[in-house]
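Note: the block below is structure-v2.txt and it holds compact mmCIF, C-alpha atoms.
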# COMPACT_ATOMS: atom_id res chain seq x y z
CA GLY F 21 -115.58 -82.80 103.81
CA ILE F 22 -112.52 -82.41 106.01
CA ASN F 23 -112.94 -78.95 107.41
CA ALA F 24 -112.75 -78.77 111.20
CA GLU F 25 -110.93 -79.98 114.27
CA TYR F 26 -112.49 -81.99 117.03
CA GLY F 27 -111.11 -83.89 120.01
CA GLU F 28 -112.46 -86.65 122.22
CA GLN F 29 -110.96 -89.36 124.38
CA GLN F 30 -109.99 -92.44 122.39
CA SER F 31 -111.56 -95.74 123.37
CA ASN F 32 -109.86 -99.10 123.67
CA HIS F 33 -110.47 -101.77 121.04
CA HIS F 34 -109.48 -105.37 120.56
CA PRO F 35 -106.58 -105.19 118.08
CA SER F 36 -106.85 -106.86 114.71
CA THR F 37 -104.41 -107.21 111.88
CA VAL F 38 -105.23 -106.74 108.23
CA LYS F 39 -102.94 -107.31 105.27
CA PRO F 40 -103.48 -105.31 102.06
CA PRO F 41 -105.19 -107.50 99.46
CA SER F 42 -102.88 -108.77 96.74
CA SER F 43 -104.92 -106.90 94.13
CA ILE F 44 -103.85 -103.52 95.56
CA THR F 45 -100.66 -101.90 94.33
CA ILE F 46 -98.12 -101.20 97.06
CA SER F 47 -95.59 -98.51 96.22
CA THR F 48 -92.99 -96.19 97.71
CA PRO F 49 -93.95 -92.58 98.46
CA HIS F 50 -94.25 -90.30 95.45
CA CYS F 51 -91.91 -87.75 97.03
CA SER F 52 -89.27 -89.38 99.19
CA LEU F 53 -85.91 -88.84 100.80
CA ASN F 54 -83.20 -91.23 99.67
CA MET F 55 -81.97 -93.61 102.36
CA LEU F 56 -78.79 -91.74 103.35
CA THR F 57 -80.52 -88.37 103.35
CA GLY F 58 -83.42 -89.76 105.39
CA ILE F 59 -81.05 -91.27 107.96
CA PHE F 60 -79.03 -88.07 108.17
CA ILE F 61 -82.07 -85.84 108.65
CA SER F 62 -83.60 -88.18 111.22
CA LEU F 63 -80.36 -88.19 113.21
CA LEU F 64 -80.02 -84.43 112.87
CA SER F 65 -83.56 -83.91 114.15
CA LEU F 66 -82.73 -85.97 117.23
CA LEU F 67 -79.31 -84.46 117.91
CA SER F 68 -80.38 -80.86 117.41
CA PHE F 69 -81.93 -80.84 120.87
CA SER F 70 -78.99 -82.38 122.70
CA PHE F 71 -77.79 -78.91 123.68
CA PHE F 72 -80.96 -78.12 125.60
CA PRO F 73 -81.14 -78.76 129.37
CA GLN F 74 -83.53 -81.66 128.79
CA THR F 75 -82.99 -85.35 128.24
CA SER F 76 -80.15 -85.60 125.75
CA GLY F 77 -81.42 -86.28 122.25
CA GLN F 78 -85.07 -85.86 123.24
CA ILE F 79 -87.16 -84.35 120.48
CA PRO F 80 -89.82 -81.87 121.57
CA ILE F 81 -92.97 -83.52 122.87
CA PRO F 82 -95.91 -81.75 121.20
CA SER F 83 -98.81 -80.53 123.30
CA PRO F 84 -101.47 -81.03 122.16
CA PRO F 85 -100.52 -84.03 119.97
CA SER F 86 -99.27 -82.95 116.58
CA GLY F 87 -101.34 -82.90 113.42
CA HIS F 88 -104.52 -81.33 112.11
CA LYS F 89 -107.51 -83.39 113.12
CA ASN F 90 -111.04 -84.10 112.02
CA GLY F 91 -113.47 -86.70 113.33
CA SER F 92 -113.97 -88.38 116.67
CA ALA F 93 -110.90 -89.28 118.71
CA SER F 94 -112.86 -92.29 120.00
CA ALA F 95 -113.35 -93.69 116.48
CA PRO F 96 -112.13 -97.28 115.94
CA VAL F 97 -109.86 -96.17 113.09
CA ILE F 98 -107.22 -93.45 113.20
CA LEU F 99 -105.99 -92.50 109.73
CA GLU F 100 -102.87 -90.33 109.64
CA VAL F 101 -101.33 -88.94 106.46
CA TYR F 102 -98.07 -87.04 106.15
CA VAL F 103 -98.10 -84.71 103.16
CA ASP F 104 -95.88 -82.20 101.41
CA LEU F 105 -98.14 -79.48 99.99
CA LEU F 106 -96.05 -79.34 96.81
CA CYS F 107 -95.75 -83.11 96.33
CA PRO F 108 -97.86 -84.34 93.37
CA GLY F 109 -98.55 -87.63 95.14
CA SER F 110 -99.85 -85.78 98.19
CA ALA F 111 -102.14 -83.72 95.97
CA GLU F 112 -103.36 -86.90 94.32
CA ILE F 113 -104.15 -88.76 97.54
CA TYR F 114 -105.84 -85.86 99.35
CA PRO F 115 -109.20 -85.92 97.49
CA THR F 116 -109.42 -89.65 98.12
CA MET F 117 -108.80 -89.03 101.82
CA GLU F 118 -111.79 -86.68 101.75
CA GLN F 119 -113.86 -89.44 100.13
CA VAL F 120 -112.72 -91.91 102.81
CA TYR F 121 -113.63 -89.50 105.59
CA ASN F 122 -117.02 -88.71 104.07
CA TYR F 123 -117.79 -92.41 103.57
CA TYR F 124 -117.02 -93.52 107.13
CA GLY F 125 -118.15 -90.34 108.85
CA TYR F 126 -117.22 -88.34 111.92
CA ASP F 127 -117.95 -91.05 114.50
CA ASN F 128 -116.11 -93.82 112.66
CA ILE F 129 -112.78 -92.32 111.60
CA TYR F 130 -110.29 -89.94 113.14
CA PHE F 131 -108.37 -88.23 110.36
CA ILE F 132 -105.06 -86.53 111.12
CA LEU F 133 -103.13 -84.58 108.51
CA HIS F 134 -99.44 -83.92 109.18
CA LEU F 135 -97.44 -81.34 107.25
CA PHE F 136 -94.08 -82.76 106.20
CA PRO F 137 -92.34 -80.27 103.88
CA LEU F 138 -89.49 -81.95 102.04
CA PRO F 139 -86.22 -80.02 101.65
CA TYR F 140 -85.99 -80.29 97.87
CA HIS F 141 -89.33 -78.57 97.28
CA ARG F 142 -88.16 -74.98 97.54
CA ASN F 143 -91.48 -73.45 98.55
CA SER F 144 -93.03 -76.29 100.52
CA TYR F 145 -91.98 -74.88 103.88
CA LEU F 146 -93.45 -71.46 103.03
CA THR F 147 -96.78 -72.92 101.95
CA SER F 148 -96.89 -75.04 105.10
CA GLN F 149 -96.21 -71.98 107.26
CA ALA F 150 -98.95 -70.13 105.39
CA SER F 151 -101.42 -72.95 106.09
CA LEU F 152 -100.70 -72.61 109.81
CA ALA F 153 -101.28 -68.87 109.49
CA ALA F 154 -104.66 -69.63 107.91
CA GLU F 155 -105.43 -71.92 110.85
CA THR F 156 -105.03 -68.97 113.22
CA VAL F 157 -108.19 -67.60 111.57
CA ASN F 158 -110.12 -70.86 112.05
CA ALA F 159 -109.81 -74.58 111.32
CA THR F 160 -111.94 -74.33 108.19
CA ALA F 161 -109.54 -71.78 106.72
CA PHE F 162 -106.69 -74.25 107.23
CA TRP F 163 -108.40 -77.03 105.27
CA GLN F 164 -109.47 -74.61 102.55
CA PHE F 165 -105.92 -73.31 102.21
CA VAL F 166 -104.47 -76.82 102.00
CA ASN F 167 -106.92 -77.65 99.24
CA LEU F 168 -106.05 -74.39 97.43
CA ILE F 169 -102.33 -75.15 97.43
CA PHE F 170 -102.90 -78.69 96.18
CA LEU F 171 -104.96 -77.27 93.32
CA THR F 172 -102.34 -74.65 92.44
CA GLN F 173 -99.13 -76.58 93.11
CA GLU F 174 -97.58 -75.81 89.76
CA GLN F 175 -97.64 -72.09 90.52
CA TYR F 176 -95.06 -72.66 93.27
CA SER F 177 -92.85 -75.19 91.51
CA GLU F 178 -89.12 -74.66 91.22
CA ASP F 179 -89.40 -73.96 87.49
CA ASN F 180 -92.05 -71.29 87.97
CA THR F 181 -90.38 -69.54 90.89
CA GLU F 182 -86.66 -69.85 90.11
CA GLU F 183 -86.39 -66.17 89.22
CA LEU F 184 -88.47 -64.94 92.17
CA THR F 185 -87.15 -63.86 95.54
CA GLU F 186 -88.52 -65.39 98.73
CA ILE F 187 -90.34 -62.13 99.46
CA GLU F 188 -92.04 -62.24 96.06
CA ILE F 189 -93.08 -65.86 96.60
CA LYS F 190 -94.54 -65.01 100.01
CA GLU F 191 -96.41 -62.11 98.43
CA ASN F 192 -97.86 -64.45 95.80
CA ILE F 193 -98.98 -66.97 98.42
CA ALA F 194 -100.65 -64.31 100.55
CA ALA F 195 -102.30 -62.69 97.53
CA SER F 196 -103.70 -66.05 96.40
CA ALA F 197 -105.14 -66.72 99.86
CA GLN F 198 -106.76 -63.31 99.87
CA LYS F 199 -108.16 -63.59 96.35
CA ASN F 200 -109.42 -67.17 96.51
CA LEU F 201 -110.37 -67.59 100.17
CA GLY F 202 -110.95 -64.05 101.39
CA LEU F 203 -108.24 -64.38 104.02
CA ASP F 204 -106.46 -61.33 105.31
CA TYR F 205 -103.27 -60.72 103.29
CA ASP F 206 -101.23 -59.57 106.29
CA VAL F 207 -102.25 -62.56 108.42
CA ILE F 208 -100.93 -65.00 105.82
CA TYR F 209 -97.85 -62.99 104.85
CA ASN F 210 -96.74 -62.29 108.41
CA GLY F 211 -97.56 -65.84 109.43
CA MET F 212 -94.79 -67.10 107.16
CA SER F 213 -92.31 -65.29 109.44
CA ASN F 214 -94.02 -66.08 112.74
CA SER F 215 -91.63 -67.84 115.11
CA ASP F 216 -94.37 -69.70 117.00
CA LEU F 217 -95.84 -71.14 113.81
CA ASP F 218 -92.35 -71.99 112.60
CA TRP F 219 -91.68 -73.88 115.84
CA SER F 220 -94.96 -75.78 115.60
CA LEU F 221 -94.15 -76.88 112.06
CA ARG F 222 -90.64 -77.96 113.02
CA VAL F 223 -91.91 -80.00 115.97
CA ASP F 224 -94.41 -81.90 113.78
CA TRP F 225 -91.65 -82.54 111.23
CA LYS F 226 -89.25 -83.88 113.86
CA VAL F 227 -91.95 -86.10 115.34
CA GLY F 228 -92.61 -87.43 111.83
CA CYS F 229 -88.92 -88.26 111.40
CA SER F 230 -88.89 -90.06 114.74
CA ARG F 231 -91.75 -92.24 113.46
CA GLY F 232 -89.77 -93.21 110.38
CA THR F 233 -91.54 -90.92 107.92
CA ALA F 234 -89.24 -90.64 104.91
CA GLY F 235 -91.44 -89.25 102.14
CA THR F 236 -94.93 -88.23 101.15
CA PRO F 237 -97.64 -89.28 101.17
CA TRP F 238 -96.86 -91.44 104.21
CA VAL F 239 -99.77 -93.21 105.87
CA PHE F 240 -100.42 -94.72 109.29
CA ILE F 241 -103.56 -96.61 110.23
CA ASN F 242 -104.01 -97.08 113.96
CA GLY F 243 -100.31 -96.35 114.33
CA ALA F 244 -99.17 -98.94 111.77
CA PHE F 245 -97.40 -97.83 108.61
CA VAL F 246 -99.32 -98.65 105.42
CA PRO F 247 -97.50 -98.31 102.05
CA ALA F 248 -100.50 -96.70 100.39
CA ASP F 249 -100.45 -95.71 96.74
CA PRO F 250 -101.90 -92.33 95.70
CA ASP F 251 -103.78 -94.21 92.97
CA TRP F 252 -105.88 -96.14 95.49
CA THR F 253 -109.60 -95.50 95.10
CA LEU F 254 -112.23 -95.41 97.81
CA GLU F 255 -112.97 -99.07 97.04
CA ASP F 256 -109.30 -99.92 97.59
CA TRP F 257 -109.32 -98.15 100.94
CA LYS F 258 -112.49 -99.95 101.95
CA THR F 259 -110.72 -103.31 101.54
CA ILE F 260 -108.14 -102.08 104.05
CA LEU F 261 -110.42 -100.30 106.50
CA ASP F 262 -113.67 -102.31 106.53
CA PRO F 263 -112.17 -105.31 108.36
CA LEU F 264 -111.13 -102.98 111.20
CA TYR F 265 -114.76 -102.16 112.02
CA PRO F 266 -117.28 -104.28 113.93
CA PRO F 267 -119.96 -105.65 111.60
CA TYR F 268 -122.64 -103.48 113.19
CA THR F 269 -120.87 -100.20 112.41
CA ASN F 270 -123.13 -97.69 110.70
CA ARG F 271 -121.56 -95.77 107.86
CA LYS F 272 -122.34 -92.11 107.49
Taking this structure as input, can you express it in the form of structure tokens?
Amino acid sequence: GINAEYGEQQSNHHPSTVKPPSSITISTPHCSLNMLTGIFISLLSLLSFSFFPQTSGQIPIPSPPSGHKNGSASAPVILEVYVDLLCPGSAEIYPTMEQVYNYYGYDNIYFILHLFPLPYHRNSYLTSQASLAAETVNATAFWQFVNLIFLTQEQYSEDNTEELTEIEIKENIAASAQKNLGLDYDVIYNGMSNSDLDWSLRVDWKVGCSRGTAGTPWVFINGAFVPADPDWTLEDWKTILDPLYPPYTNRK
């Protein structure tokens, strides 16, 4: 499955263009910002750095490149997915992304997951921070934590946490990570207040806004936006991805 981070130099390919087959449903993101809110947030993310002694309006340039990666950076296909850990559509598409990765294999696809917590999911930012705290343990812990949150989304919904304080919610998140994954409680709890992890998450979010990301799940294939539907099956994805590979490509 998707459980580690690798990095290699990307190779150059002859570009090709592929249109989604008419039989595939194209839809808007399951969790999305409305147009005015999206424009406002994108502008705010750009203007917030105008007070720094850098190029006016320049968003932070991440180093290394943002996102959580698995596969070979020299693969002919780069699949990027922006997710909100508390978005039902993100939870729905994630297992299919694992199927896609397992089908094409490490050498043939470079999978990048971006965390994009949306402002109207009260606890999305906390769970995203906690996932970065898990990543400080190792990359596998990050992917396991992401999967855990997708499986237990309802526990952190607005309805189920409206009477809880932020401290209580953080305690619940850390306790769940400890119970289900064996992660150190203090590492996860303190990670949700760690300024470096907070900065890393904010940078990835701002970069996402600069790329036009306005909801989740939001998908790019080789840098091109693809209006993917969470309902797409592996077979649907194959109709999109297969034409991007040379005919001699060996599947995993």
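Here CA of Ile241 (chain F) and CA of Ser83 (chain F) stand 21.3 Å from one another.
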> At what distance in Å, to one decimal, does CA of Leu168 (chain F) lie from CA of Met117 (chain F)?
Replying inline: 15.5 Å
Proximity check region 137-174 of chain F to region 84-104 of chain F, 9 Å, nearest pairs one decimal Å, all atoms listed in the file, as JSON lines:
{"residue": "F:Pro137", "atom": "CA", "partner": "F:Asp104", "partner_atom": "CA", "distance": 4.7}
{"residue": "F:Leu138", "atom": "CA", "partner": "F:Asp104", "partner_atom": "CA", "distance": 6.4}
{"residue": "F:His141", "atom": "CA", "partner": "F:Asp104", "partner_atom": "CA", "distance": 8.6}
{"residue": "F:Ser144", "atom": "CA", "partner": "F:Asp104", "partner_atom": "CA", "distance": 6.6}
{"residue": "F:Tyr145", "atom": "CA", "partner": "F:Asp104", "partner_atom": "CA", "distance": 8.7}
{"residue": "F:Ser148", "atom": "CA", "partner": "F:Asp104", "partner_atom": "CA", "distance": 8.1}
{"residue": "F:Ala159", "atom": "CA", "partner": "F:His88", "partner_atom": "CA", "distance": 8.6}
{"residue": "F:Phe162", "atom": "CA", "partner": "F:His88", "partner_atom": "CA", "distance": 8.9}
{"residue": "F:Trp163", "atom": "CA", "partner": "F:His88", "partner_atom": "CA", "distance": 9.0}
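With distances restricted to all atoms listed in the file, F:Arg142 is the closest residue to Leu106 (chain F) from F:Arg142, F:Arg231, F:Lys190, F:His134.
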>> At a cut-off of 6 Å, using only C-alpha atoms, what residues contact Ala150 (chain F)? Leave out same-chain residues fewer than 2 positions from it and give the result as a list in words.
In response: Thr147, Ser148, Leu152, Ala153, Ile208 and Met212 of chain F
Go ahead and save the picked residues with C-alpha atoms, as a CSV table (one decimal), in the frame of the given file.
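Written out: selection_32.csv:
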chain,number,residue,atom,x,y,z
F,147,THR,CA,-96.8,-72.9,102.0
F,148,SER,CA,-96.9,-75.0,105.1
F,152,LEU,CA,-100.7,-72.6,109.8
F,153,ALA,CA,-101.3,-68.9,109.5
F,208,ILE,CA,-100.9,-65.0,105.8
F,212,MET,CA,-94.8,-67.1,107.2
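For the point (-99.9, -84.9, 94.0) in file coordinates, the residues within 12 Å, using all atoms listed in the file, are Pro49, His50, Cys51, Val103, Asp104, Leu105, Leu106, Cys107, Pro108, Gly109, Ser110, Ala111, Glu112, Ile113, Tyr114, Pro115, Thr116, Asn167, Ile169, Phe170, Leu171, Thr172, Gln173, Glu174, Thr236, Pro237, Asp249, Pro250 and Asp251 of chain F.
Atom pair CA of Ile132 (chain F) / CA of Tyr205 (chain F): separated by 27.0 Å.
Taking all atoms listed in the file into account, Asp218 (chain F) lies nearest to F:Leu146 out of the set F:Ile81, F:Leu184, F:Ile129, F:Leu146.
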> Near Ala197 (chain F), counting all atoms listed in the file, which residues have an atom at most 9 Å away, once you skip same-chain residues fewer than 3 positions from it, shown as a ChimeraX atom specification?
Replying inline: /F:150,154,165,168,192-194,200-205,208
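Each of F:Trp257, F:Trp252, F:Trp238, F:Trp225 was checked against Phe136 (chain F) using all atoms listed in the file; the smallest atom-to-atom distance is that of F:Trp225.
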